Amino acid sequence: MAKEVELTRWPGLKAVEISVLIPCWHAELTIGGALNSVEAQQGLSEHVGVEVVIVVDGRQEDRQAVCSWIESKGSGRRWAITMICLTQNCGAGGARKAGYSYCSGAFLAFLDDDDVWHPSKLALQWDWHQANPERIASGHGYNTIPKGNEVSFRRLLIGGYSLATPTLMIRRALWPYEPEPYRFGEDWLMLAMIASMQPIIVLPQNLAWRSLKAPPLMDDIYSLSRQRRELRAGKLKRVVVLCQRGALNPIWLPPLLVWNLLLAVRRWLLDLKNYARPGDF
């Protein structure tokens, strides 16, 4: 993991209850919108403070974009901010891992640098967790209303339904882990480790979406979503990690590997059909 080269803090006015962790990479156009959506949160109880922990993942341009946003807010900024700058790019997983030790809130929420939140996102999830103190994690819709009300370990293993990381809120006192440091498959592994303890509840609202200033996902040259093979291979490796950690009986490893290979072939065929030129078939 890259060493930290700079740590800067801007204090807030309230005791921190919720930490928002944001990895930042090639985000000059979108980081301002992400931070504005955190600043715009409303409906939280008076005593609930928020901190933003930003991990600049190896680019000075991103550091400058964050600093410019902070300067533009001046004394009007609401929340505490911690910025950690890394010497080199280590991916969203490694960046979140590096920033996690600086999170001081009882709850952890994730936001990507090219996503934005609904103004009521934190309040709705925080209120839900107050009413359900035994639950580790909750999520909600991303771009669309969610189809189910929970994400189970089995559903994650089989595939076909997951949660976008910017929808997740975790009660840290019940979570004995940290963000996974891997470059591929780290989000899925984090969800799977939680779901191996108890299902992740999904709130029935759409409270996060991709920034309008970001390019379409499959046109974004910096998006990992374009790297289909690496993502699939990363998930297969993370299934092995589940076995190594005792969260999954190794007897299920061969059929799951075969199943994921079949899903990879299916996705490749669908992509081939979607991007084929007239006359290719």
# chains A, B, ... in the order shown; residues from 1 in each chain; ligands from 1
call {"tool": "residues_around", "arguments": {"residues": "Ser75 of chain A", "least_positions_apart": "4", "cutoff": "12 Å", "atoms": "only C-alpha atoms", "output": "ChimeraX atom specification"}}
result
/A:10-13,70-71,79-80
call {"tool": "select_by_dssp", "arguments": {"residues": "segment 60-273 of chain A", "states": "alpha helix (DSSP H)", "output": "ChimeraX atom specification"}}
result
/A:60-73,91-100,121-131,153-158,186-195,228-244,253-273
call {"tool": "closest_residue", "arguments": {"among": "A:Leu163, A:Cys67, A:Val48, A:Leu7", "to": "Ile31 of chain A", "atoms": "only C-alpha atoms"}}
result
A:Cys67
call {"tool": "atom_distance", "arguments": {"atom1": "atom CA of Thr165 of chain A", "atom2": "atom CA of Asp187 of chain A"}}
result
6.6 Å
call {"tool": "residues_around", "arguments": {"residues": "segment 155-159 of chain A", "least_positions_apart": "3", "cutoff": "12 Å", "atoms": "only C-alpha atoms", "output": "PyMOL selection string"}}
result
chain A and resi 148+150-152+162-163+187-196+199-200+232+235-236+238-240+242+247-248+252-253+255-264
call {"tool": "residues_around", "arguments": {"residues": "Gly33 of chain A", "least_positions_apart": "3", "cutoff": "8 Å", "atoms": "only C-alpha atoms", "output": "JSON, numbers by chain"}}
result
{"A": [30, 36, 37, 114, 115, 116, 211]}
